[in-house]
Amino acid sequence: MTVTNSRKSRSANGTCWRRLILAVVALAVGWGGMVHAANNSVQGAKKEEGGFDGDAPTAILIEASSGSVLFEKNADELRAPSSMMKLMTVEMVFHAIKQGDIKLTDEYRVSENAWRKGGAPAGGSTMFAAINSKIAVDDLLRGAIIQSGNDACMVLAEGIAGNERAFAEMMTKRARELGMPRSTFANSNGLPDPGNKMTVRELAKLARYIIQTYPDFYKLFGEKEFTWNKIRQQNRNPLLNSLEGADGLKTGYTKEGGYGMVGSAVQNGTRLIVVINGLDDPDDRASEAKKMLEWGFRNFEARTLFAADQPIGYAKVFGGASRSVKLASREPLKVMVQKNGTDKLIARVVYSGPVRAPVESGQQVGTVKVWRGGNIAMEAPVYAAESVERGSTIRRAVDGASELVIGVFRLGAEKL
């Protein structure tokens with residue numbers, strides 16, 4: 001296997017890349033496949049190589065533990081997320097409870113606005129919350145998750161932020177904190193609005209975060225029914241009754257966005273998350289999600305790329321007692337690979353550098369990214385595996401002169 005160790009090197013005229021090639025024994029991966037450079041035209045394994053053949057306009061399939069991407073199709077295309085956007089709303093509530101800002105027993109009043117626009121009079125998905133009644137956060141969460149109640153989301157938004165618009169602004173800010181740079185929100189429930197936009201990649205990332213961060217709350221997604229106001233409603237997720245190990249998450253539909261779903265299941269200790277969007281028929285949505293999950297479970301297995309604390313690469317150090325610092329991961333780095341061994345992977349350590357001394361052991365330096373074809377299969381942070389003290393005055397002067405010469409050379413090359 002070959003690891004490309006890339007660093008971003010700053011100059012007066014901007015930022016560019018340098019690449020150093022490091023040889024790594026293939027046995028460290030535990031996989032005999034060859035490693036090739038990424039090809040941006042590839043979106044997943046080819047069908048004849050055991051790849052997935054699906055109809056959804058946008059789709060992604062990931063393994064939850066590592067975040068490893070098994071398949072993607074137009075995964076960064078912004079679309080209306082419809083009710084799948086409720087995952088962001090409930091994450092906001094989960095987070096507020098975890099922070100101690102609100103409690104499950106807190107009660108919020110059902111405003112006329114929430115009742116009229118999100119309740120029974122609106123004709124959409126609702127938990128049938130009665131106007132001016134007070135409902136506990138615990139029940140509102142079930143109404144939002146199990147019944148996909150638009151009214152439940154609006155009551156939560158108004159109770160937490162005062163009004164839905166302010167809550168939507170908080171959602172967008174929270175999305176940035178969770179590493180979702182493209183998602184935007186204009187309301188709490190996904191009802192049609194030009195301001196509601198998400199990608200299937202960011203929906204998968206959000207689902208993974210919810211599963212890993214709130215295991216107790218995540219159980220709500222697997223509850224098959226909920227009764228409120230003497231009205232019993234079934235969970236809208238068709239996977240719960242059709243796929244072994246399915247336990248979440250959310251369906252969605254608007255005319256603008258089409259039919260979509262965020263689904264998850266566990267089989268033989270492996271959890272997969274699928275997100276699809278843009279289909280024209282609810283039955284196609286259900287069958288596509290199930291088919292993709294079954295394909296993933298059938299064709300992939302986890303392999304360890306690097307053990308915890310195993311050297312992954314090196315980063316150049318500026319002004320240090322050593323010219324470079326060893327990089328490693330705190331956790332084992334695993335990636336899902338096809339059982340038939342046809343995957344072609346390339347790993348790159350990416351950092352901004354040279355890293356200025358002193359460098360402390362355990363300091364995050366960059367990330368390791370693993371590509372499958374033209375798509376990122378997995379990425380994780382890498383840390384300094386050792387400390388590097390500040391070097392002598394002569395060493396710092398030599399490094400400074402070296403960077404200056406490189407910068408001047410680069411500037412001249414860019415002008416050619």
# chains A, B, ... in the order shown; residues from 1 in each chain; ligands from 1
call {"tool": "residues_around", "arguments": {"residues": "stretch 283-295 of chain A", "least_positions_apart": "3", "cutoff": "8 Å", "atoms": "only C-alpha atoms", "output": "JSON, numbers by chain"}}
result
{"A": [52, 54, 55, 56, 61, 238, 239, 242, 243, 259, 260, 261, 263, 265, 272, 273, 274, 275, 276, 279, 280, 298, 299]}
call {"tool": "closest_atom_pairs", "arguments": {"of": "stretch 267-364 of chain A", "to": "stretch 383-392 of chain A", "cutoff": "8 Å", "atoms": "only C-alpha atoms", "output": "JSON lines"}}
result
{"residue": "A:Asp309", "atom": "CA", "partner": "A:Ala385", "partner_atom": "CA", "distance": 7.1}
{"residue": "A:Pro311", "atom": "CA", "partner": "A:Ala385", "partner_atom": "CA", "distance": 7.6}
{"residue": "A:Gly319", "atom": "CA", "partner": "A:Gly391", "partner_atom": "CA", "distance": 5.4}
{"residue": "A:Gly320", "atom": "CA", "partner": "A:Gly391", "partner_atom": "CA", "distance": 4.1}
{"residue": "A:Ala321", "atom": "CA", "partner": "A:Gly391", "partner_atom": "CA", "distance": 4.0}
{"residue": "A:Ser322", "atom": "CA", "partner": "A:Val388", "partner_atom": "CA", "distance": 6.3}
{"residue": "A:Val325", "atom": "CA", "partner": "A:Ala384", "partner_atom": "CA", "distance": 6.4}
{"residue": "A:Lys326", "atom": "CA", "partner": "A:Ala385", "partner_atom": "CA", "distance": 5.4}
{"residue": "A:Leu327", "atom": "CA", "partner": "A:Ala384", "partner_atom": "CA", "distance": 4.8}
{"residue": "A:Ala328", "atom": "CA", "partner": "A:Tyr383", "partner_atom": "CA", "distance": 5.5}
{"residue": "A:Ser329", "atom": "CA", "partner": "A:Tyr383", "partner_atom": "CA", "distance": 6.0}
{"residue": "A:Arg330", "atom": "CA", "partner": "A:Tyr383", "partner_atom": "CA", "distance": 7.5}
{"residue": "A:Ala357", "atom": "CA", "partner": "A:Arg390", "partner_atom": "CA", "distance": 5.1}
{"residue": "A:Pro358", "atom": "CA", "partner": "A:Glu389", "partner_atom": "CA", "distance": 4.7}
{"residue": "A:Val359", "atom": "CA", "partner": "A:Val388", "partner_atom": "CA", "distance": 4.9}
{"residue": "A:Glu360", "atom": "CA", "partner": "A:Ser387", "partner_atom": "CA", "distance": 4.6}
{"residue": "A:Ser361", "atom": "CA", "partner": "A:Glu386", "partner_atom": "CA", "distance": 4.4}
{"residue": "A:Gly362", "atom": "CA", "partner": "A:Ala384", "partner_atom": "CA", "distance": 5.2}
{"residue": "A:Gln363", "atom": "CA", "partner": "A:Tyr383", "partner_atom": "CA", "distance": 5.3}
{"residue": "A:Gln364", "atom": "CA", "partner": "A:Tyr383", "partner_atom": "CA", "distance": 4.2}
call {"tool": "write_last_selection", "arguments": {"atoms": "N, CA and C atoms", "output": "CSV table (one decimal), in the first residue's frame"}}
result
chain,number,residue,atom,x,y,z
A,309,ASP,N,-1.9,4.1,17.5
A,309,ASP,CA,-0.5,4.5,17.7
A,309,ASP,C,0.5,4.0,16.7
A,311,PRO,N,2.6,4.2,13.5
A,311,PRO,CA,3.0,5.3,12.6
A,311,PRO,C,2.3,5.3,11.3
A,319,GLY,N,11.7,24.8,12.4
A,319,GLY,CA,12.4,25.3,13.6
A,319,GLY,C,12.4,24.4,14.8
A,320,GLY,N,12.5,23.1,14.5
A,320,GLY,CA,12.5,22.1,15.6
A,320,GLY,C,13.8,21.4,15.7
A,321,ALA,N,14.0,20.7,16.8
A,321,ALA,CA,15.2,19.9,17.0
A,321,ALA,C,15.2,18.8,16.1
A,322,SER,N,14.1,18.4,15.6
A,322,SER,CA,14.0,17.3,14.5
A,322,SER,C,13.3,17.9,13.3
A,325,VAL,N,8.1,15.1,12.4
A,325,VAL,CA,7.4,14.5,13.5
A,325,VAL,C,6.6,13.3,13.0
A,326,LYS,N,6.6,12.2,13.8
A,326,LYS,CA,5.9,11.0,13.5
A,326,LYS,C,4.4,11.2,13.7
A,327,LEU,N,3.5,10.7,12.9
A,327,LEU,CA,2.1,10.9,13.0
A,327,LEU,C,1.4,9.6,13.2
A,328,ALA,N,0.4,9.5,14.1
A,328,ALA,CA,-0.4,8.3,14.3
A,328,ALA,C,-1.8,8.7,14.7
A,329,SER,N,-2.6,7.6,14.8
A,329,SER,CA,-4.0,7.8,15.3
A,329,SER,C,-4.2,7.2,16.7
A,330,ARG,N,-5.1,7.9,17.4
A,330,ARG,CA,-5.3,7.3,18.8
A,330,ARG,C,-6.1,6.1,18.8
A,357,ALA,N,7.6,24.3,15.5
A,357,ALA,CA,8.0,23.8,16.8
A,357,ALA,C,7.8,24.9,17.8
A,358,PRO,N,7.6,24.5,19.1
A,358,PRO,CA,7.6,23.1,19.6
A,358,PRO,C,6.3,22.4,19.3
A,359,VAL,N,6.4,21.0,19.1
A,359,VAL,CA,5.2,20.2,18.9
A,359,VAL,C,5.1,19.3,20.1
A,360,GLU,N,3.8,19.2,20.6
A,360,GLU,CA,3.6,18.4,21.8
A,360,GLU,C,3.0,17.0,21.3
A,361,SER,N,3.4,16.0,22.0
A,361,SER,CA,2.9,14.7,21.7
A,361,SER,C,1.4,14.7,22.0
A,362,GLY,N,0.6,14.2,21.0
A,362,GLY,CA,-0.8,14.2,21.2
A,362,GLY,C,-1.5,15.3,20.5
A,363,GLN,N,-0.7,16.3,20.0
A,363,GLN,CA,-1.2,17.4,19.3
A,363,GLN,C,-1.8,17.0,17.9
A,364,GLN,N,-3.0,17.5,17.6
A,364,GLN,CA,-3.5,17.1,16.3
A,364,GLN,C,-2.8,17.9,15.2
call {"tool": "residues_around", "arguments": {"residues": "A:Asn237", "least_positions_apart": "6", "cutoff": "9 Å", "atoms": "only C-alpha atoms", "output": "count of residues only"}}
result
12
call {"tool": "select_by_dssp", "arguments": {"residues": "stretch 186-409 of chain A", "states": "strand (DSSP E)", "output": "number ranges by chain"}}
result
A: 225-228, 231-234, 246-254, 258-267, 270-279, 300-306, 313-318, 324-328, 333-338, 345-353, 355-356, 364-372, 375-384
call {"tool": "residues_around", "arguments": {"residues": "stretch 110-117 of chain A", "least_positions_apart": "6", "cutoff": "6 Å", "atoms": "only C-alpha atoms", "output": "JSON, numbers by chain"}}
result
{"A": [131, 132, 133, 151, 154, 155]}
call {"tool": "closest_residue", "arguments": {"among": "A:Val317, A:Ala186, A:Val335, A:Ala347", "to": "A:Phe300", "atoms": "only C-alpha atoms"}}
result
A:Val335
call {"tool": "residues_around", "arguments": {"residues": "A:Asp101", "least_positions_apart": "4", "cutoff": "12 Å", "atoms": "only C-alpha atoms", "output": "PDB file with C-alpha atoms, in the first residue's frame"}}
result
ATOM      1  CA  MET A  92     -30.938  20.311  18.975  1.00  0.00           C
ATOM      2  CA  VAL A  93     -33.299  19.031  21.663  1.00  0.00           C
ATOM      3  CA  PHE A  94     -31.044  16.093  22.581  1.00  0.00           C
ATOM      4  CA  HIS A  95     -28.119  18.488  22.891  1.00  0.00           C
ATOM      5  CA  ALA A  96     -30.074  20.939  25.053  1.00  0.00           C
ATOM      6  CA  ILE A  97     -31.087  18.102  27.399  1.00  0.00           C
ATOM      7  CA  ASP A 106     -40.461  20.494  30.801  1.00  0.00           C
ATOM      8  CA  GLY A 159     -40.517  26.579  23.440  1.00  0.00           C
ATOM      9  CA  ILE A 160     -36.728  26.626  23.125  1.00  0.00           C
ATOM     10  CA  ALA A 161     -36.097  29.735  20.992  1.00  0.00           C
TER      11      ALA A 161
END
call {"tool": "residues_around", "arguments": {"residues": "stretch 189-199 of chain A", "least_positions_apart": "4", "cutoff": "10 Å", "atoms": "only C-alpha atoms", "output": "PyMOL selection string"}}
result
chain A and resi 58-60+74-90+117-118+124-125+144+148-154+157+164+168+172+180-185+203-205+252-257+275-277
call {"tool": "write_last_selection", "arguments": {"atoms": "N, CA and C atoms", "output": "short mmCIF file (atom, residue, chain, number, x, y, z; two decimals), in the first residue's frame"}}
result
data_model
loop_
_atom_site.label_atom_id
_atom_site.label_comp_id
_atom_site.auth_asym_id
_atom_site.auth_seq_id
_atom_site.Cartn_x
_atom_site.Cartn_y
_atom_site.Cartn_z
N THR A 58 -29.84 11.01 -5.62
CA THR A 58 -28.76 11.26 -4.66
C THR A 58 -28.79 10.18 -3.60
N ALA A 59 -27.61 9.65 -3.26
CA ALA A 59 -27.57 8.54 -2.31
C ALA A 59 -26.19 8.41 -1.70
N ILE A 60 -26.15 7.84 -0.50
CA ILE A 60 -24.88 7.52 0.15
C ILE A 60 -25.11 6.37 1.12
N ASN A 74 -23.90 11.52 -6.32
CA ASN A 74 -24.29 12.93 -6.17
C ASN A 74 -24.50 13.29 -4.70
N ALA A 75 -23.60 12.81 -3.85
CA ALA A 75 -23.78 12.93 -2.40
C ALA A 75 -23.66 14.35 -1.89
N ASP A 76 -23.10 15.26 -2.69
CA ASP A 76 -22.93 16.65 -2.25
C ASP A 76 -23.89 17.61 -2.94
N GLU A 77 -24.90 17.06 -3.57
CA GLU A 77 -25.91 17.89 -4.23
C GLU A 77 -26.93 18.38 -3.20
N LEU A 78 -27.12 19.68 -3.12
CA LEU A 78 -28.08 20.25 -2.17
C LEU A 78 -29.50 20.04 -2.69
N ARG A 79 -30.35 19.50 -1.82
CA ARG A 79 -31.75 19.28 -2.15
C ARG A 79 -32.60 19.58 -0.93
N ALA A 80 -33.89 19.72 -1.15
CA ALA A 80 -34.82 19.87 -0.03
C ALA A 80 -34.83 18.58 0.77
N PRO A 81 -34.53 18.64 2.08
CA PRO A 81 -34.47 17.42 2.88
C PRO A 81 -35.83 16.93 3.36
N SER A 82 -36.87 17.77 3.21
CA SER A 82 -38.22 17.43 3.66
C SER A 82 -38.19 17.04 5.15
N SER A 83 -38.95 16.05 5.53
CA SER A 83 -39.02 15.70 6.96
C SER A 83 -37.76 15.06 7.51
N MET A 84 -36.83 14.66 6.64
CA MET A 84 -35.55 14.16 7.14
C MET A 84 -34.83 15.25 7.93
N MET A 85 -35.18 16.50 7.64
CA MET A 85 -34.58 17.63 8.35
C MET A 85 -34.93 17.63 9.84
N LYS A 86 -35.97 16.91 10.21
CA LYS A 86 -36.35 16.82 11.62
C LYS A 86 -35.24 16.20 12.48
N LEU A 87 -34.31 15.48 11.82
CA LEU A 87 -33.17 14.96 12.57
C LEU A 87 -32.36 16.09 13.19
N MET A 88 -32.25 17.20 12.49
CA MET A 88 -31.53 18.35 13.03
C MET A 88 -32.29 18.96 14.19
N THR A 89 -33.61 19.01 14.08
CA THR A 89 -34.43 19.55 15.16
C THR A 89 -34.29 18.73 16.43
N VAL A 90 -34.40 17.40 16.30
CA VAL A 90 -34.33 16.57 17.50
C VAL A 90 -32.92 16.54 18.06
N LYS A 117 -50.51 25.72 11.51
CA LYS A 117 -49.59 25.45 10.41
C LYS A 117 -48.97 24.05 10.46
N GLY A 118 -48.95 23.44 11.65
CA GLY A 118 -48.33 22.13 11.76
C GLY A 118 -49.25 21.05 12.27
N GLY A 124 -51.00 18.01 7.10
CA GLY A 124 -49.74 17.29 6.95
C GLY A 124 -49.55 16.29 8.08
N SER A 125 -48.32 15.80 8.23
CA SER A 125 -48.04 14.87 9.32
C SER A 125 -48.10 15.61 10.65
N ALA A 144 -42.42 14.02 17.24
CA ALA A 144 -41.59 14.45 16.11
C ALA A 144 -40.90 13.27 15.43
N SER A 148 -43.57 11.91 13.03
CA SER A 148 -43.11 12.96 12.13
C SER A 148 -43.98 14.20 12.22
N GLY A 149 -44.42 14.51 13.42
CA GLY A 149 -45.35 15.61 13.62
C GLY A 149 -44.73 16.98 13.35
N ASN A 150 -45.27 17.69 12.38
CA ASN A 150 -44.82 19.06 12.13
C ASN A 150 -45.14 19.96 13.32
N ASP A 151 -46.31 19.71 13.94
CA ASP A 151 -46.69 20.51 15.11
C ASP A 151 -45.74 20.27 16.27
N ALA A 152 -45.31 19.03 16.47
CA ALA A 152 -44.39 18.71 17.57
C ALA A 152 -43.09 19.50 17.41
N CYS A 153 -42.58 19.56 16.18
CA CYS A 153 -41.33 20.30 15.93
C CYS A 153 -41.51 21.79 16.19
N MET A 154 -42.63 22.33 15.77
CA MET A 154 -42.87 23.76 15.94
C MET A 154 -43.04 24.13 17.41
N ALA A 157 -39.58 24.12 18.87
CA ALA A 157 -38.84 25.29 18.42
C ALA A 157 -39.27 26.55 19.15
N GLU A 164 -40.04 30.11 15.61
CA GLU A 164 -39.43 29.11 14.74
C GLU A 164 -38.26 29.66 13.94
N ALA A 168 -34.55 28.10 13.75
CA ALA A 168 -33.92 27.69 12.49
C ALA A 168 -32.51 28.27 12.37
N THR A 172 -28.91 26.13 11.97
CA THR A 172 -27.82 26.33 11.01
C THR A 172 -26.49 26.49 11.73
N MET A 180 -21.04 20.36 9.39
CA MET A 180 -21.93 20.32 8.23
C MET A 180 -21.96 21.71 7.62
N PRO A 181 -21.04 22.03 6.72
CA PRO A 181 -20.88 23.40 6.25
C PRO A 181 -21.92 23.88 5.25
N ARG A 182 -22.69 22.97 4.65
CA ARG A 182 -23.57 23.38 3.56
C ARG A 182 -25.05 23.40 3.93
N SER A 183 -25.43 22.75 5.00
CA SER A 183 -26.84 22.68 5.38
C SER A 183 -27.37 24.04 5.84
N THR A 184 -28.58 24.38 5.40
CA THR A 184 -29.25 25.60 5.86
C THR A 184 -30.69 25.26 6.21
N PHE A 185 -31.24 26.02 7.15
CA PHE A 185 -32.57 25.73 7.66
C PHE A 185 -33.39 27.01 7.78
N LEU A 203 -26.61 14.61 5.81
CA LEU A 203 -27.64 13.88 6.53
C LEU A 203 -27.07 12.60 7.14
N ALA A 204 -26.21 11.91 6.40
CA ALA A 204 -25.58 10.70 6.93
C ALA A 204 -24.67 11.03 8.10
N LYS A 205 -23.94 12.13 7.98
CA LYS A 205 -23.06 12.56 9.06
C LYS A 205 -23.87 12.89 10.31
N GLY A 252 -38.98 11.20 4.47
CA GLY A 252 -39.36 12.56 4.14
C GLY A 252 -39.94 12.66 2.74
N TYR A 253 -40.83 13.63 2.55
CA TYR A 253 -41.36 13.90 1.22
C TYR A 253 -41.85 15.33 1.11
N THR A 254 -41.46 16.00 0.07
CA THR A 254 -42.09 17.23 -0.40
C THR A 254 -42.06 17.17 -1.92
N LYS A 255 -42.91 17.95 -2.56
CA LYS A 255 -42.94 17.98 -4.02
C LYS A 255 -41.59 18.42 -4.57
N GLU A 256 -40.95 19.37 -3.88
CA GLU A 256 -39.66 19.88 -4.34
C GLU A 256 -38.56 18.84 -4.19
N GLY A 257 -38.54 18.16 -3.06
CA GLY A 257 -37.44 17.25 -2.77
C GLY A 257 -37.65 15.83 -3.23
N VAL A 275 -28.72 6.96 3.09
CA VAL A 275 -29.52 8.15 2.84
C VAL A 275 -29.78 8.22 1.35
N ILE A 276 -31.05 8.34 0.97
CA ILE A 276 -31.43 8.54 -0.42
C ILE A 276 -32.41 9.69 -0.48
N ASN A 277 -32.47 10.37 -1.62
CA ASN A 277 -33.40 11.47 -1.79
C ASN A 277 -33.70 11.68 -3.27
#
call {"tool": "atom_distance", "arguments": {"atom1": "atom CA of A:Arg201", "atom2": "atom CA of A:Phe297"}}
result
19.4 Å
call {"tool": "closest_residue", "arguments": {"among": "A:Tyr314, A:Tyr218, A:Trp228, A:Phe306", "to": "A:Ser264", "atoms": "only C-alpha atoms"}}
result
A:Tyr218
call {"tool": "atom_distance", "arguments": {"atom1": "atom CA of A:Ser68", "atom2": "atom CA of A:Lys219"}}
result
23.1 Å
call {"tool": "residues_around", "arguments": {"residues": "A:Lys316", "least_positions_apart": "3", "cutoff": "9 Å", "atoms": "only C-alpha atoms", "output": "PyMOL selection string"}}
result
chain A and resi 7+322-325+353-356
call {"tool": "write_last_selection", "arguments": {"atoms": "N, CA and C atoms", "output": "PDB file, in the first residue's frame"}}
result
ATOM      1  N   ARG A   7       1.208  18.045   2.386  1.00  0.00           N
ATOM      2  CA  ARG A   7       1.165  19.160   3.317  1.00  0.00           C
ATOM      3  C   ARG A   7       0.858  20.434   2.561  1.00  0.00           C
ATOM      4  N   SER A 322      14.055  18.360  15.575  1.00  0.00           N
ATOM      5  CA  SER A 322      13.966  17.331  14.545  1.00  0.00           C
ATOM      6  C   SER A 322      13.322  17.948  13.313  1.00  0.00           C
ATOM      7  N   ARG A 323      13.686  17.452  12.142  1.00  0.00           N
ATOM      8  CA  ARG A 323      13.145  18.004  10.901  1.00  0.00           C
ATOM      9  C   ARG A 323      11.724  17.525  10.625  1.00  0.00           C
ATOM     10  N   SER A 324      11.260  16.473  11.314  1.00  0.00           N
ATOM     11  CA  SER A 324       9.924  15.929  11.070  1.00  0.00           C
ATOM     12  C   SER A 324       9.369  15.349  12.364  1.00  0.00           C
ATOM     13  N   VAL A 325       8.061  15.095  12.350  1.00  0.00           N
ATOM     14  CA  VAL A 325       7.410  14.498  13.511  1.00  0.00           C
ATOM     15  C   VAL A 325       6.571  13.321  13.040  1.00  0.00           C
ATOM     16  N   GLY A 353       1.364  22.979   6.729  1.00  0.00           N
ATOM     17  CA  GLY A 353       2.695  23.020   7.295  1.00  0.00           C
ATOM     18  C   GLY A 353       3.699  23.783   6.469  1.00  0.00           C
ATOM     19  N   PRO A 354       4.942  23.747   6.889  1.00  0.00           N
ATOM     20  CA  PRO A 354       5.470  22.882   7.952  1.00  0.00           C
ATOM     21  C   PRO A 354       4.928  23.256   9.334  1.00  0.00           C
ATOM     22  N   VAL A 355       4.874  22.249  10.218  1.00  0.00           N
ATOM     23  CA  VAL A 355       4.360  22.456  11.571  1.00  0.00           C
ATOM     24  C   VAL A 355       5.423  23.183  12.389  1.00  0.00           C
ATOM     25  N   ARG A 356       5.019  24.253  13.024  1.00  0.00           N
ATOM     26  CA  ARG A 356       5.970  25.073  13.765  1.00  0.00           C
ATOM     27  C   ARG A 356       6.274  24.467  15.139  1.00  0.00           C
TER      28      ARG A 356
END
call {"tool": "select_by_dssp", "arguments": {"residues": "stretch 214-292 of chain A", "states": "alpha helix (DSSP H)", "output": "list in words"}}
result
Pro215, Asp216, Phe217, Tyr218, Pro282, Asp283, Asp284, Arg285, Ala286, Ser287, Glu288, Ala289, Lys290, Lys291 and Met292 of chain A
call {"tool": "write_last_selection", "arguments": {"atoms": "N, CA and C atoms", "output": "PDB file, in the first residue's frame"}}
result
ATOM      1  N   PRO A 215     -27.127   7.440  22.485  1.00  0.00           N
ATOM      2  CA  PRO A 215     -27.642   6.070  22.335  1.00  0.00           C
ATOM      3  C   PRO A 215     -28.988   5.841  23.019  1.00  0.00           C
ATOM      4  N   ASP A 216     -29.223   6.494  24.150  1.00  0.00           N
ATOM      5  CA  ASP A 216     -30.505   6.311  24.833  1.00  0.00           C
ATOM      6  C   ASP A 216     -31.645   6.961  24.063  1.00  0.00           C
ATOM      7  N   PHE A 217     -31.419   8.171  23.553  1.00  0.00           N
ATOM      8  CA  PHE A 217     -32.454   8.842  22.777  1.00  0.00           C
ATOM      9  C   PHE A 217     -32.660   8.158  21.430  1.00  0.00           C
ATOM     10  N   TYR A 218     -31.589   7.557  20.896  1.00  0.00           N
ATOM     11  CA  TYR A 218     -31.710   6.929  19.579  1.00  0.00           C
ATOM     12  C   TYR A 218     -32.752   5.811  19.579  1.00  0.00           C
ATOM     13  N   PRO A 282     -43.034   6.421  -3.118  1.00  0.00           N
ATOM     14  CA  PRO A 282     -42.661   5.958  -1.765  1.00  0.00           C
ATOM     15  C   PRO A 282     -42.246   4.493  -1.733  1.00  0.00           C
ATOM     16  N   ASP A 283     -42.846   3.669  -2.585  1.00  0.00           N
ATOM     17  CA  ASP A 283     -42.456   2.256  -2.621  1.00  0.00           C
ATOM     18  C   ASP A 283     -41.028   2.098  -3.141  1.00  0.00           C
ATOM     19  N   ASP A 284     -40.664   2.919  -4.136  1.00  0.00           N
ATOM     20  CA  ASP A 284     -39.284   2.894  -4.640  1.00  0.00           C
ATOM     21  C   ASP A 284     -38.305   3.314  -3.560  1.00  0.00           C
ATOM     22  N   ARG A 285     -38.718   4.294  -2.753  1.00  0.00           N
ATOM     23  CA  ARG A 285     -37.864   4.739  -1.652  1.00  0.00           C
ATOM     24  C   ARG A 285     -37.581   3.589  -0.694  1.00  0.00           C
ATOM     25  N   ALA A 286     -38.629   2.881  -0.300  1.00  0.00           N
ATOM     26  CA  ALA A 286     -38.469   1.783   0.651  1.00  0.00           C
ATOM     27  C   ALA A 286     -37.601   0.665   0.073  1.00  0.00           C
ATOM     28  N   SER A 287     -37.867   0.291  -1.172  1.00  0.00           N
ATOM     29  CA  SER A 287     -37.115  -0.817  -1.770  1.00  0.00           C
ATOM     30  C   SER A 287     -35.672  -0.429  -2.044  1.00  0.00           C
ATOM     31  N   GLU A 288     -35.444   0.824  -2.454  1.00  0.00           N
ATOM     32  CA  GLU A 288     -34.084   1.275  -2.742  1.00  0.00           C
ATOM     33  C   GLU A 288     -33.237   1.280  -1.475  1.00  0.00           C
ATOM     34  N   ALA A 289     -33.782   1.810  -0.376  1.00  0.00           N
ATOM     35  CA  ALA A 289     -33.034   1.859   0.877  1.00  0.00           C
ATOM     36  C   ALA A 289     -32.710   0.451   1.375  1.00  0.00           C
ATOM     37  N   LYS A 290     -33.700  -0.424   1.320  1.00  0.00           N
ATOM     38  CA  LYS A 290     -33.491  -1.804   1.772  1.00  0.00           C
ATOM     39  C   LYS A 290     -32.456  -2.505   0.897  1.00  0.00           C
ATOM     40  N   LYS A 291     -32.572  -2.320  -0.406  1.00  0.00           N
ATOM     41  CA  LYS A 291     -31.651  -2.974  -1.344  1.00  0.00           C
ATOM     42  C   LYS A 291     -30.214  -2.506  -1.112  1.00  0.00           C
ATOM     43  N   MET A 292     -30.034  -1.213  -0.855  1.00  0.00           N
ATOM     44  CA  MET A 292     -28.691  -0.688  -0.665  1.00  0.00           C
ATOM     45  C   MET A 292     -28.077  -1.204   0.634  1.00  0.00           C
TER      46      MET A 292
END
call {"tool": "closest_residue", "arguments": {"among": "A:Ile346, A:Ala175, A:Leu240, A:Ala246", "to": "A:Leu305", "atoms": "only C-alpha atoms"}}
result
A:Ile346
